[in-house]
Amino acid sequence: MAKRGLLFMMILSAALSAAGQENIITAGVQFKPIFSSRYFNTGPQVADSSGIGFEMVPNGGYCVGGLVRFGISKRVSGETGINFVKRAHKLIITDEGRGITEESSFSIIGYEIPLTALVFIQLSEITYMDVSLGLAFDFFPSNVTSNGTYFQQFTDRESWVFPAISGNVGYEIRTYKSGYFYIGASYHRPFGDIYRSTAGYYVDDNYFTGQQFLLSGNYLTVDFRYFFHEDPLKKQRRDRKNR
């Protein structure tokens, strides 16, 4: 899977570097709240082990970072950048026999480097619809542990880096002096489960039971972006010569 992701990135990079007609390069910032959903394989997981109930609940999170957009033509651009991603989870363990419920909240921290191609459809003089598709690399710096009175939880990364497919659709308003204002939605899907979480529960001093959960890196977001206004590079060079 990693080889497929690397091949896809090489093909996309070649396509993006093959033409440079618009010559607009601009930087921006984005904030994306993350939502969990059963439809995208990011809903709660429930299991039972020896009469002890285990539930792993994704609680959403957020993605924030910076982007660089480089124009290829009037209808096509490329984007890259770096994002900080934080996803929250809650582990709930229920022992109905002893009337005990244990909970543990923890977060998975990651970094994301996207490389996407965007196609624009002009709706009015300053309004555009954007559709993008590309590759991203997700980096996970560490494992996560937590414990309580009767349990321990170990969440270990499956790999420190995962390639992922990232798709997006949205709308933006391009002002002539104040930059670009964008709202949309994204879907991000790594090529595999990113973490393996193991929860262990102490029933008594002589008996221990546990359960494993595979944590998906899929996420659905609402996107808010802002890009600074920049003139085309050719116009900037002409302006400097005329000074």
# chains A, B, ... in the order shown; residues from 1 in each chain; ligands from 1
call {"tool": "residues_around", "arguments": {"residues": "Gly110 of chain A", "least_positions_apart": "6", "cutoff": "6 Å", "atoms": "only C-alpha atoms", "output": "list in words"}}
result
Val85, Phe139 and Phe140 of chain A
call {"tool": "closest_atom_pairs", "arguments": {"of": "segment 80-197 of chain A", "to": "segment 204-222 of chain A", "cutoff": "6 Å", "atoms": "only C-alpha atoms", "output": "tab-separated table"}}
result
residue	atom	partner	partner_atom	distance
A:Gly184	CA	A:Val222	CA	5.9
A:Ala185	CA	A:Val222	CA	4.5
A:Ser186	CA	A:Thr221	CA	5.2
A:Tyr187	CA	A:Leu220	CA	4.7
A:His188	CA	A:Tyr219	CA	5.3
A:Arg189	CA	A:Asn218	CA	4.5
A:Pro190	CA	A:Gly217	CA	5.9
A:Asp193	CA	A:Ser216	CA	4.6
A:Ile194	CA	A:Gly217	CA	5.7
A:Tyr195	CA	A:Leu215	CA	5.1
A:Arg196	CA	A:Leu214	CA	4.7
A:Ser197	CA	A:Phe213	CA	5.1
call {"tool": "residues_around", "arguments": {"residues": "segment 152-157 of chain A", "least_positions_apart": "3", "cutoff": "7 Å", "atoms": "only C-alpha atoms", "output": "VMD selection string"}}
result
chain A and resid 143 to 148 160 194 to 201
call {"tool": "select_by_dssp", "arguments": {"residues": "segment 159-234 of chain A", "states": "strand (DSSP E or B)", "output": "MDAnalysis selection string"}}
result
chainID A and resid 161:174 180:190 195:204 207:215 219:227
call {"tool": "atom_distance", "arguments": {"atom1": "atom CA of Tyr176 of chain A", "atom2": "atom CA of Gly81 of chain A"}}
result
23.6 Å
